[in-house]
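Chemist: Supplied structure: query35.cif, mmCIF, C-alpha atoms.
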```cif
data_start
#
loop_
_atom_site.label_atom_id
_atom_site.label_comp_id
_atom_site.auth_asym_id
_atom_site.auth_seq_id
_atom_site.Cartn_x
_atom_site.Cartn_y
_atom_site.Cartn_z
CA MET A 1 -216.76 110.04 -195.55
CA ILE A 2 -215.04 112.12 -198.21
CA LYS A 3 -215.61 115.23 -196.09
CA LYS A 4 -213.87 113.60 -193.12
CA ILE A 5 -210.92 112.58 -195.28
CA ILE A 6 -210.59 116.12 -196.59
CA ILE A 7 -210.67 117.51 -193.02
CA VAL A 8 -208.00 115.02 -191.90
CA ILE A 9 -205.80 115.93 -194.88
CA LEU A 10 -206.22 119.65 -194.14
CA VAL A 11 -205.39 119.16 -190.46
CA PHE A 12 -202.26 117.18 -191.25
CA GLY A 13 -201.35 119.75 -193.87
CA LEU A 14 -201.63 122.57 -191.32
CA ILE A 15 -199.58 120.62 -188.76
CA TYR A 16 -196.94 119.89 -191.36
CA ALA A 17 -196.79 123.56 -192.38
CA LEU A 18 -196.60 124.68 -188.74
CA PHE A 19 -193.77 122.35 -187.79
CA ASN A 20 -191.84 123.35 -190.90
CA THR A 21 -192.10 127.05 -190.10
CA ARG A 22 -188.62 128.53 -190.34
CA LEU A 23 -187.19 129.98 -187.13
CA THR A 24 -183.80 131.45 -186.34
CA THR A 25 -181.02 130.15 -184.14
CA ARG A 26 -177.72 131.85 -183.36
CA GLN A 27 -174.20 130.71 -182.63
CA GLY A 28 -171.20 132.83 -181.75
CA VAL A 29 -167.70 131.79 -182.82
CA ASN A 30 -164.90 133.99 -181.53
CA PHE A 31 -167.49 136.69 -180.78
CA VAL A 32 -168.86 136.70 -184.33
CA VAL A 33 -172.55 135.76 -184.21
CA VAL A 34 -174.03 133.81 -187.10
CA THR A 35 -177.80 133.50 -187.49
CA LYS A 36 -179.29 130.63 -189.44
CA GLU A 37 -182.78 129.30 -190.07
CA ILE A 38 -184.02 125.90 -188.95
CA PRO A 39 -187.53 124.38 -188.98
CA LEU A 40 -189.67 124.60 -185.84
CA TYR A 41 -189.75 120.83 -185.36
CA LEU A 42 -185.95 120.65 -185.28
CA LYS A 43 -185.66 123.53 -182.83
CA ALA A 44 -188.25 121.89 -180.58
CA LEU A 45 -186.53 118.49 -180.77
CA ASP A 46 -183.17 120.06 -179.91
CA PHE A 47 -184.68 121.91 -176.96
CA PHE A 48 -186.29 118.82 -175.44
CA ASP A 49 -183.17 116.75 -176.15
CA ARG A 50 -181.11 119.20 -174.08
CA HIS A 51 -183.77 119.31 -171.35
CA TYR A 52 -183.84 115.54 -170.83
CA ASN A 53 -180.06 115.35 -171.01
CA TYR A 54 -179.83 117.92 -168.20
CA GLN A 55 -182.24 115.85 -166.13
CA GLU A 56 -180.29 112.63 -166.58
CA LEU A 57 -176.94 114.31 -165.92
CA VAL A 58 -178.16 115.91 -162.68
CA LYS A 59 -179.61 112.60 -161.50
CA GLU A 60 -176.18 111.04 -162.03
CA ILE A 61 -174.32 113.86 -160.26
CA ILE A 62 -176.51 113.93 -157.13
CA SER A 63 -177.10 110.18 -156.90
CA GLY A 64 -176.92 109.07 -153.26
CA SER A 65 -176.73 112.61 -151.90
CA CYS A 66 -178.68 113.71 -148.85
CA GLY A 67 -180.31 117.11 -148.60
CA GLU A 68 -180.24 120.34 -150.56
CA ASN A 69 -176.77 121.47 -149.48
CA GLU A 70 -175.09 118.21 -150.46
CA ARG A 71 -176.82 118.18 -153.85
CA LEU A 72 -175.65 121.74 -154.42
CA LEU A 73 -172.05 120.91 -153.49
CA ARG A 74 -172.09 117.85 -155.75
CA ILE A 75 -173.11 120.03 -158.71
CA PHE A 76 -170.56 122.69 -157.75
CA GLU A 77 -167.66 120.23 -157.51
CA TRP A 78 -168.70 118.43 -160.70
CA THR A 79 -168.81 121.70 -162.64
CA HIS A 80 -165.43 122.91 -161.38
CA LYS A 81 -163.68 119.59 -162.03
CA THR A 82 -165.38 118.72 -165.35
CA ILE A 83 -165.69 121.99 -167.29
CA LYS A 84 -162.17 123.28 -167.95
CA MET A 85 -161.11 126.79 -168.85
CA GLN A 86 -161.23 127.75 -172.52
CA PRO A 87 -158.02 126.58 -174.28
CA HIS A 88 -156.31 129.47 -176.05
CA GLU A 89 -155.81 127.49 -179.26
CA LEU A 90 -159.49 126.55 -179.67
CA PRO A 91 -162.33 128.79 -180.90
CA ILE A 92 -164.68 130.38 -178.38
CA ILE A 93 -168.13 129.01 -179.16
CA ASP A 94 -171.28 130.49 -177.67
CA ASP A 95 -174.51 128.61 -178.25
CA HIS A 96 -176.25 126.31 -175.76
CA VAL A 97 -175.23 125.31 -172.24
CA TRP A 98 -175.49 121.62 -173.08
CA ASN A 99 -172.89 122.04 -175.82
CA ILE A 100 -170.48 123.49 -173.25
CA ILE A 101 -170.95 120.34 -171.19
CA VAL A 102 -170.36 118.12 -174.22
CA ARG A 103 -167.19 120.05 -175.18
CA GLY A 104 -165.95 119.97 -171.59
CA TYR A 105 -164.52 123.49 -171.66
CA GLY A 106 -165.71 127.07 -171.72
CA THR A 107 -165.04 130.67 -170.79
CA LYS A 108 -165.56 131.92 -167.22
CA ASP A 109 -169.14 132.96 -167.84
CA GLN A 110 -169.91 129.67 -169.59
CA ILE A 111 -168.60 127.64 -166.64
CA CYS A 112 -170.88 129.63 -164.32
CA ASP A 113 -173.73 129.20 -166.78
CA VAL A 114 -173.34 125.41 -166.60
CA PHE A 115 -173.40 125.47 -162.79
CA ALA A 116 -176.40 127.80 -162.62
CA THR A 117 -178.35 125.79 -165.18
CA LEU A 118 -177.76 122.47 -163.41
CA CYS A 119 -178.82 124.04 -160.11
CA THR A 120 -182.22 124.85 -161.60
CA TYR A 121 -182.68 121.13 -162.26
CA VAL A 122 -182.66 120.41 -158.52
CA GLY A 123 -185.19 123.17 -157.95
CA LEU A 124 -182.77 125.93 -156.96
CA LYS A 125 -183.23 129.34 -158.55
CA SER A 126 -179.84 130.39 -159.86
CA PHE A 127 -178.11 132.83 -162.19
CA PHE A 128 -174.65 134.29 -162.81
CA SER A 129 -173.23 137.79 -163.26
CA GLU A 130 -170.00 139.36 -164.49
CA PHE A 131 -167.73 142.09 -163.16
CA LYS A 132 -164.43 143.57 -164.34
CA ASN A 133 -161.83 144.70 -161.83
CA ASP A 134 -159.54 147.72 -162.11
CA ASN A 135 -157.26 145.75 -164.46
CA SER A 136 -160.23 144.86 -166.72
CA GLU A 137 -159.96 141.22 -165.65
CA LEU A 138 -163.29 139.40 -165.89
CA PHE A 139 -164.66 138.05 -162.62
CA VAL A 140 -167.80 135.87 -162.73
CA LEU A 141 -169.91 134.61 -159.83
CA ALA A 142 -172.97 132.39 -159.58
CA PHE A 143 -175.84 133.05 -157.20
CA VAL A 144 -178.13 130.35 -155.80
CA LYS A 145 -181.29 131.09 -153.83
CA ILE A 146 -181.57 129.06 -150.64
CA ARG A 147 -184.28 129.75 -148.05
CA GLY A 148 -185.12 133.08 -149.60
CA GLN A 149 -181.57 134.47 -149.86
CA TYR A 150 -178.97 134.29 -152.59
CA ARG A 151 -175.70 132.52 -151.73
CA VAL A 152 -172.49 133.20 -153.64
CA PHE A 153 -170.43 130.60 -155.56
CA ASP A 154 -167.37 130.76 -157.78
CA PRO A 155 -167.24 127.54 -159.86
CA VAL A 156 -164.44 128.94 -162.04
CA ASN A 157 -161.99 129.08 -159.13
CA GLY A 158 -163.67 126.26 -157.22
CA ILE A 159 -164.51 128.58 -154.32
CA TYR A 160 -167.61 128.73 -152.16
CA LEU A 161 -168.15 130.80 -149.03
CA ARG A 162 -169.56 129.90 -145.62
CA ASN A 163 -170.57 132.22 -142.79
CA LYS A 164 -169.51 131.85 -139.15
CA ILE A 165 -172.27 129.34 -138.37
CA GLY A 166 -171.31 127.11 -141.30
CA GLU A 167 -174.07 128.00 -143.77
CA PHE A 168 -173.42 129.05 -147.34
CA ALA A 169 -172.72 132.78 -147.12
CA THR A 170 -175.33 135.27 -148.31
CA ILE A 171 -174.55 138.54 -150.07
CA GLU A 172 -175.22 140.33 -146.80
CA ASN A 173 -172.85 138.01 -144.91
CA ILE A 174 -170.05 138.77 -147.35
CA LEU A 175 -170.53 142.52 -147.33
CA ASN A 176 -170.41 142.41 -143.51
CA GLY A 177 -167.22 140.37 -143.56
CA ASP A 178 -168.93 137.26 -142.18
CA PHE A 179 -167.47 134.62 -144.47
CA VAL A 180 -164.77 131.99 -144.74
CA ILE A 181 -163.35 130.93 -148.10
CA ASN A 182 -163.51 127.24 -149.02
CA ALA A 183 -161.40 126.32 -152.07
CA ILE A 184 -161.62 122.87 -153.67
CA ASP A 185 -158.09 123.13 -155.08
CA LYS A 186 -156.76 125.08 -152.08
CA LYS A 187 -155.92 127.91 -154.48
CA ILE A 188 -157.25 131.39 -153.76
CA PRO A 189 -156.57 134.28 -156.18
CA GLU A 190 -154.73 137.29 -154.83
CA ASN A 191 -156.90 139.95 -153.12
CA TYR A 192 -159.92 137.68 -153.45
CA ASN A 193 -161.72 139.10 -150.41
CA ASP A 194 -161.56 142.66 -151.72
CA MET A 195 -162.50 141.58 -155.21
CA ILE A 196 -165.66 139.77 -154.20
CA LYS A 197 -166.82 142.69 -152.03
CA LYS A 198 -166.27 145.14 -154.90
CA PHE A 199 -168.30 142.87 -157.14
CA LEU A 200 -171.25 142.71 -154.75
CA LYS A 201 -171.22 146.48 -154.25
CA SER A 202 -171.09 147.22 -157.98
CA ASP A 203 -174.76 146.67 -158.93
CA LYS A 204 -173.61 144.13 -161.53
CA VAL A 205 -175.74 141.31 -160.16
CA ASP A 206 -178.26 140.49 -162.89
CA TYR A 207 -180.31 137.56 -164.17
CA LYS A 208 -179.10 135.38 -167.04
CA ARG A 209 -180.65 132.58 -169.09
CA SER A 210 -180.21 129.66 -166.67
CA PHE A 211 -183.81 129.66 -165.44
CA ILE A 212 -185.31 129.25 -168.93
CA GLN A 213 -183.68 125.94 -169.83
CA SER A 214 -186.65 123.82 -168.71
CA PRO A 215 -189.79 123.70 -170.92
CA LEU A 216 -192.20 125.21 -168.35
CA ASN A 217 -189.92 128.11 -167.42
CA ARG A 218 -189.12 128.70 -171.09
CA PHE A 219 -192.83 128.83 -171.94
CA ILE A 220 -193.50 131.35 -169.14
CA TYR A 221 -190.52 133.43 -170.26
CA GLU A 222 -191.63 133.48 -173.90
CA VAL A 223 -195.20 134.43 -172.96
CA LYS A 224 -193.95 137.31 -170.80
CA LYS A 225 -191.60 138.48 -173.57
CA TRP A 226 -194.42 138.33 -176.15
CA THR A 227 -196.77 140.19 -173.79
CA ASN A 228 -194.23 142.95 -173.16
CA GLN A 229 -193.81 143.46 -176.90
CA LYS A 230 -197.53 144.13 -177.34
#
```
Could I get this file's structure written as structure tokens?
Modeler:
Amino acid sequence: MIKKIIIVILVFGLIYALFNTRLTTRQGVNFVVVTKEIPLYLKALDFFDRHYNYQELVKEIISGSCGENERLLRIFEWTHKTIKMQPHELPIIDDHVWNIIVRGYGTKDQICDVFATLCTYVGLKSFFSEFKNDNSELFVLAFVKIRGQYRVFDPVNGIYLRNKIGEFATIENILNGDFVINAIDKKIPENYNDMIKKFLKSDKVDYKRSFIQSPLNRFIYEVKKWTNQK
């Protein structure tokens, strides 16, 4: 009996020590990154809290929608209308996507990050990439994989593209000039057609963190990262 009690105490002691292991988390404020330590249990709780909040938010956004395309458009419109551009007088904060949603504003890349992350919660592989034009102006696009091909979206400007048969335009469609601009606010930036083609020809399309917001994808990502370090 005493032996069993000792084993139980040791097990609980090990669990307690494990969950109180100190890990790091980072937050950027006006491009200055601060690293601080938090216990493992708190980091895990925060992660799952964000995960379940994403799930509930997406359920609310797509409620009553029919089909993949309508769900995607619901998320696109919600992102463009809800997440506003970064106010000049407020600090630029870079931490977690959920915090951008809570604040209700973000930079161009953060707005695209919100859209891409929410897309993954309806089973659509998505990411965003950045490009600077000749005037060093930042241009950010989101890419969503539908039926094996990536389609292009611009949640910052509220613009999505369709090809001549009415489908969301692929990268190939756009480079071949087979696209029509659809703007939620009916506002299209100057020289938009040329800008988007330059972007897609620039080799700047690259994966971001959107796909690792869910627990399973995050676990796979961490295992691959750990394996590559060995």
Chemist: Determine, for each residue of stretch 119-160 of chain A having at least one atom at most 8 Å from an atom of stretch 104-108 of chain A, the closest pair of atoms and their separation in Å to one decimal, counting only C-alpha atoms; order by chain and ascending number, as a tab-separated table.
Modeler:
```
residue	atom	partner	partner_atom	distance
A:Leu138	CA	A:Lys108	CA	7.9
A:Phe139	CA	A:Lys108	CA	7.7
A:Val140	CA	A:Lys108	CA	6.4
A:Val156	CA	A:Lys108	CA	6.1
```
Chemist: Restricting the output to C-alpha atoms, write the selected residues as a short mmCIF file (atom, residue, chain, number, x, y, z; two decimals), in the frame of the given file.
Modeler:
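Printed below is selection_27.cif as written:
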```cif
data_model
loop_
_atom_site.label_atom_id
_atom_site.label_comp_id
_atom_site.auth_asym_id
_atom_site.auth_seq_id
_atom_site.Cartn_x
_atom_site.Cartn_y
_atom_site.Cartn_z
CA LEU A 138 -163.29 139.40 -165.89
CA PHE A 139 -164.66 138.05 -162.62
CA VAL A 140 -167.80 135.87 -162.73
CA VAL A 156 -164.44 128.94 -162.04
#
```
Chemist: Near A:Ala169, counting only C-alpha atoms, which residues have an atom at most 8 Å away, once you skip same-chain residues fewer than 5 positions from it, shown as a list in words?
Modeler: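 Listed by chain and then number, they are Arg151, Val152, Leu161, Arg162, Asn163, Ile174, Asp178 and Phe179 of chain A.
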Chemist: Under the PyMOL selection byres ((chain A and resi 121) around 10), which residues of this model are included? Write them out as a list of chain:residue names.
Modeler: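 Given this file, the PyMOL selection byres ((chain A and resi 121) around 10) evaluates to A:His51, A:Tyr54, A:Gln55, A:Glu56, A:Leu57, A:Val58, A:Lys59, A:Ala116, A:Thr117, A:Leu118, A:Cys119, A:Thr120, A:Val122, A:Gly123, A:Leu124, A:Lys125, A:Ser126, A:Ser210, A:Phe211, A:Gln213, A:Ser214.
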Chemist: Smallest atom-to-atom distance to A:Arg50: which of A:Val102, A:Met195, A:Ala142, A:Ala183, using only C-alpha atoms?
Modeler: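 Among A:Val102, A:Met195, A:Ala142, A:Ala183, it is A:Val102 that comes nearest to A:Arg50.
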Chemist: My list of candidates is A:Phe47, A:Phe127, A:Phe76, A:Phe168. Which is closest to A:Pro155 when distances are computed with only C-alpha atoms?
Modeler: A:Phe76
Chemist: Report the distance between atom CA of A:Ile184 and atom CA of A:His96 in Å, rounded to one decimal place.
Modeler: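 Going from atom CA of A:Ile184 over to atom CA of A:His96 covers 26.7 Å.
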Chemist: Provide the atom CA of A:Trp98 to atom CA of A:Asp46 distance in Å, to one decimal place.
Modeler: 10.4 Å
Chemist: Of the residues A:Lys36, A:Asn133, A:Ile2, A:Ser63, which is the one nearest to A:Asn191, using all atoms listed in the file?
Modeler: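 Comparing A:Lys36, A:Asn133, A:Ile2, A:Ser63 against A:Asn191, the winner is A:Asn133.
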Chemist: Under the PyMOL selection byres ((chain A and resi 132) around 12), which residues of this model are included? Write them out as a ChimeraX atom specification.
Modeler: /A:129-131,133-141,195-196,198-200,202,204
Chemist: With C-alpha atoms retained, write the just-selected residues as an mmCIF file, keeping the file's coordinate frame.
Modeler:
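Writing done, so here's again05.cif:
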```cif
data_model
loop_
_atom_site.group_PDB
_atom_site.id
_atom_site.type_symbol
_atom_site.label_atom_id
_atom_site.label_comp_id
_atom_site.auth_asym_id
_atom_site.auth_seq_id
_atom_site.Cartn_x
_atom_site.Cartn_y
_atom_site.Cartn_z
ATOM 1 C CA SER A 129 -173.230 137.790 -163.260
ATOM 2 C CA GLU A 130 -170.000 139.360 -164.490
ATOM 3 C CA PHE A 131 -167.730 142.090 -163.160
ATOM 4 C CA ASN A 133 -161.830 144.700 -161.830
ATOM 5 C CA ASP A 134 -159.540 147.720 -162.110
ATOM 6 C CA ASN A 135 -157.260 145.750 -164.460
ATOM 7 C CA SER A 136 -160.230 144.860 -166.720
ATOM 8 C CA GLU A 137 -159.960 141.220 -165.650
ATOM 9 C CA LEU A 138 -163.290 139.400 -165.890
ATOM 10 C CA PHE A 139 -164.660 138.050 -162.620
ATOM 11 C CA VAL A 140 -167.800 135.870 -162.730
ATOM 12 C CA LEU A 141 -169.910 134.610 -159.830
ATOM 13 C CA MET A 195 -162.500 141.580 -155.210
ATOM 14 C CA ILE A 196 -165.660 139.770 -154.200
ATOM 15 C CA LYS A 198 -166.270 145.140 -154.900
ATOM 16 C CA PHE A 199 -168.300 142.870 -157.140
ATOM 17 C CA LEU A 200 -171.250 142.710 -154.750
ATOM 18 C CA SER A 202 -171.090 147.220 -157.980
ATOM 19 C CA LYS A 204 -173.610 144.130 -161.530
#
```
Chemist: Which one of A:Ile6, A:Ile38, A:Met85, A:Phe115 sits closest to A:Ile61 if you count only C-alpha atoms?
Modeler: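 Closest to A:Ile61, using only C-alpha atoms: A:Phe115.
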Chemist: I'd like the interatomic distance between atom CA of A:Ile188 and atom CA of A:Trp78, to a tenth of an Å.
Modeler: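 Computing it gives 18.6 Å between the two atoms.
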Chemist: Which residue, A:Asn176, A:Thr79, A:Asn69, A:Gln149, has the smallest gap to A:Val114 when you use all atoms listed in the file?
Modeler: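 Selected residue with least distance to A:Val114: A:Thr79.
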Chemist: The centre and edge lengths of an axis-aligned box containing all atoms of stretch 160-177 of chain A present in the file, extended by 8 Å on each side, are to be given in Å to one decimal, as JSON.
Modeler:
```
{"center_x": -171.3, "center_y": 134.8, "center_z": -145.3, "size_x": 24.1, "size_y": 31.4, "size_z": 29.8}
```
Chemist: Out of A:Tyr150, A:Leu45, A:Asn53, A:Glu77, which residue has the shortest atom-to-atom distance to A:Glu172 when counting only C-alpha atoms?
Modeler: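 Looking at the shortest contact to A:Glu172, the residue is A:Tyr150.
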Chemist: Name the residues in contact with A:Arg103 at a cut-off of 12 Å, using all atoms listed in the file, excluding same-chain residues fewer than 6 positions from it; report them as a PDB file with C-alpha atoms, keeping the file's coordinate frame.
Modeler:
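Once everything was written out, this is selection-v7.pdb:
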```pdb
ATOM      1  CA  THR A  82    -165.380 118.720-165.350  1.00  0.00           C
ATOM      2  CA  ILE A  83    -165.690 121.990-167.290  1.00  0.00           C
ATOM      3  CA  LYS A  84    -162.170 123.280-167.950  1.00  0.00           C
ATOM      4  CA  MET A  85    -161.110 126.790-168.850  1.00  0.00           C
ATOM      5  CA  GLN A  86    -161.230 127.750-172.520  1.00  0.00           C
ATOM      6  CA  PRO A  87    -158.020 126.580-174.280  1.00  0.00           C
ATOM      7  CA  LEU A  90    -159.490 126.550-179.670  1.00  0.00           C
ATOM      8  CA  PRO A  91    -162.330 128.790-180.900  1.00  0.00           C
ATOM      9  CA  ILE A  92    -164.680 130.380-178.380  1.00  0.00           C
ATOM     10  CA  ILE A  93    -168.130 129.010-179.160  1.00  0.00           C
ATOM     11  CA  ASP A  94    -171.280 130.490-177.670  1.00  0.00           C
ATOM     12  CA  ASP A  95    -174.510 128.610-178.250  1.00  0.00           C
ATOM     13  CA  HIS A  96    -176.250 126.310-175.760  1.00  0.00           C
ATOM     14  CA  VAL A  97    -175.230 125.310-172.240  1.00  0.00           C
ATOM     15  CA  GLN A 110    -169.910 129.670-169.590  1.00  0.00           C
ATOM     16  CA  ILE A 111    -168.600 127.640-166.640  1.00  0.00           C
ATOM     17  CA  VAL A 114    -173.340 125.410-166.600  1.00  0.00           C
TER      18      VAL A 114
END
```
